[in-house]
Amino acid sequence: MAIKSKRYQEARLEASTNLELYWWVFMRVSGVVLVFLLIGHMWMNAVLVDLNSIDYDYVAKRLSQTTWKVYDWLILALALLHGGNGLRYVLDDWVRDPAKRFWTKVVIYSLLAFLFFLGSLSLFNYDYGVN
């Protein structure tokens with residue numbers, strides 16, 4: 001079950017396993033990191049650059065640099081992990097039948113793994129043709 005505490009000390013008492021406590025801490029840390037990563041992403045792409053100048057060439061030039069690939073991959077990975085763990089909390093609370101919960105999680109985790117694989121593949125395996 002999901003930990004409903006707001007403080008770490010209370011969460012430690014409420015956690016059934018250490019893994020559950022680590023996921024609780026991860027949700028707090030990844031949420032804060034995601035906020036700053038996404039604000040930085042929006043700042044660099046919507047404030048520093050004129051929105052009318054963003055086209056394929058701009059994106060190709062940006063994604064031909066390893067730094068931007070890693071930055072975007074970090075957003076992708078954290079967002080999928082954060083969202084998947086949040087969805088796990090929802091499923092644990094709402095799907096009562098253990099068999100249905102198991103198969104629902106299998107489908108959701110498979111979809112998340114596919115999206116992560118596809119996103120990583122498109123970020124790191126595509127030649128944008130920029131010299």
# chains A, B, ... in the order shown; residues from 1 in each chain; ligands from 1
>>> select_by_dssp(residues="chain A", states="helix (DSSP H, G or I)", output="NGL selection string")
:A and (8-14 or 18-47 or 51-53 or 56-63 or 66-94 or 98-124)
>>> residues_around(residues="A:Leu34", least_positions_apart="6", cutoff="8 Å", atoms="only C-alpha atoms", output="count of residues only")
3
>>> closest_atom_pairs(of="stretch 43-76 of chain A", to="stretch 98-117 of chain A", cutoff="12 Å", atoms="only C-alpha atoms", output="Markdown table")
| residue | atom | partner | partner_atom | distance |
| --- | --- | --- | --- | --- |
| A:Asp72 | CA | A:Phe116 | CA | 11.9 |
| A:Trp73 | CA | A:Phe116 | CA | 9.1 |
| A:Leu74 | CA | A:Phe116 | CA | 10.9 |
| A:Ile75 | CA | A:Phe116 | CA | 10.9 |
| A:Leu76 | CA | A:Phe116 | CA | 7.3 |
>>> atom_distance(atom1="atom CA of A:Thr66", atom2="atom CA of A:Leu37")
16.4 Å
>>> atom_distance(atom1="atom CA of A:Val33", atom2="atom CA of A:Arg12")
22.3 Å
>>> residues_around(residues="A:Tyr126", least_positions_apart="4", cutoff="9 Å", atoms="only C-alpha atoms", output="list in words")
Ser64, Leu121 and Ser122 of chain A
>>> decode(residues="stretch 106-125 of chain A", atoms="N, CA, C and O atoms", output="CSV table (one decimal), in the first residue's frame")
chain,number,residue,atom,x,y,z
A,106,VAL,N,1.3,-5.7,-15.1
A,106,VAL,CA,2.1,-6.2,-16.1
A,106,VAL,C,1.9,-5.4,-17.4
A,106,VAL,O,2.9,-5.1,-18.1
A,107,VAL,N,0.7,-5.1,-17.7
A,107,VAL,CA,0.4,-4.3,-18.9
A,107,VAL,C,0.9,-2.9,-18.8
A,107,VAL,O,1.6,-2.4,-19.8
A,108,ILE,N,0.7,-2.3,-17.7
A,108,ILE,CA,1.2,-0.9,-17.5
A,108,ILE,C,2.8,-0.9,-17.5
A,108,ILE,O,3.4,0.0,-18.2
A,109,TYR,N,3.4,-1.8,-16.8
A,109,TYR,CA,4.9,-1.8,-16.8
A,109,TYR,C,5.4,-2.1,-18.2
A,109,TYR,O,6.5,-1.6,-18.6
A,110,SER,N,4.8,-3.0,-18.9
A,110,SER,CA,5.2,-3.3,-20.3
A,110,SER,C,5.1,-2.1,-21.2
A,110,SER,O,6.0,-1.8,-22.0
A,111,LEU,N,4.0,-1.3,-21.1
A,111,LEU,CA,3.8,-0.1,-21.8
A,111,LEU,C,4.8,0.9,-21.5
A,111,LEU,O,5.4,1.6,-22.4
A,112,LEU,N,5.1,1.1,-20.2
A,112,LEU,CA,6.2,2.0,-19.8
A,112,LEU,C,7.6,1.6,-20.3
A,112,LEU,O,8.3,2.5,-20.7
A,113,ALA,N,7.9,0.3,-20.2
A,113,ALA,CA,9.2,-0.1,-20.7
A,113,ALA,C,9.3,0.1,-22.3
A,113,ALA,O,10.3,0.5,-22.8
A,114,PHE,N,8.2,-0.1,-23.0
A,114,PHE,CA,8.1,0.1,-24.4
A,114,PHE,C,8.3,1.6,-24.7
A,114,PHE,O,9.1,2.0,-25.6
A,115,LEU,N,7.7,2.5,-24.0
A,115,LEU,CA,7.8,3.9,-24.2
A,115,LEU,C,9.2,4.4,-23.9
A,115,LEU,O,9.8,5.2,-24.6
A,116,PHE,N,9.8,3.8,-22.8
A,116,PHE,CA,11.2,4.2,-22.5
A,116,PHE,C,12.2,3.7,-23.5
A,116,PHE,O,13.1,4.4,-23.9
A,117,PHE,N,12.0,2.5,-24.0
A,117,PHE,CA,12.8,2.0,-25.1
A,117,PHE,C,12.7,2.8,-26.4
A,117,PHE,O,13.7,3.2,-27.0
A,118,LEU,N,11.5,3.1,-26.7
A,118,LEU,CA,11.2,3.9,-28.0
A,118,LEU,C,11.8,5.3,-27.8
A,118,LEU,O,12.4,5.8,-28.8
A,119,GLY,N,11.6,5.9,-26.7
A,119,GLY,CA,12.1,7.3,-26.5
A,119,GLY,C,13.6,7.3,-26.5
A,119,GLY,O,14.3,8.2,-27.0
A,120,SER,N,14.2,6.3,-25.8
A,120,SER,CA,15.7,6.2,-25.8
A,120,SER,C,16.3,5.9,-27.1
A,120,SER,O,17.3,6.5,-27.6
A,121,LEU,N,15.6,5.1,-27.9
A,121,LEU,CA,16.0,4.7,-29.2
A,121,LEU,C,16.0,5.9,-30.1
A,121,LEU,O,16.9,6.2,-30.9
A,122,SER,N,14.9,6.7,-30.0
A,122,SER,CA,14.7,7.9,-30.9
A,122,SER,C,15.7,9.0,-30.5
A,122,SER,O,16.1,9.8,-31.3
A,123,LEU,N,16.1,9.1,-29.2
A,123,LEU,CA,17.0,10.1,-28.8
A,123,LEU,C,18.5,9.8,-29.2
A,123,LEU,O,19.2,10.6,-29.7
A,124,PHE,N,18.9,8.5,-29.0
A,124,PHE,CA,20.3,8.2,-29.1
A,124,PHE,C,20.7,7.5,-30.4
A,124,PHE,O,21.8,7.4,-30.7
A,125,ASN,N,19.7,7.0,-31.2
A,125,ASN,CA,20.0,6.2,-32.3
A,125,ASN,C,19.7,6.9,-33.6
A,125,ASN,O,19.8,6.2,-34.7
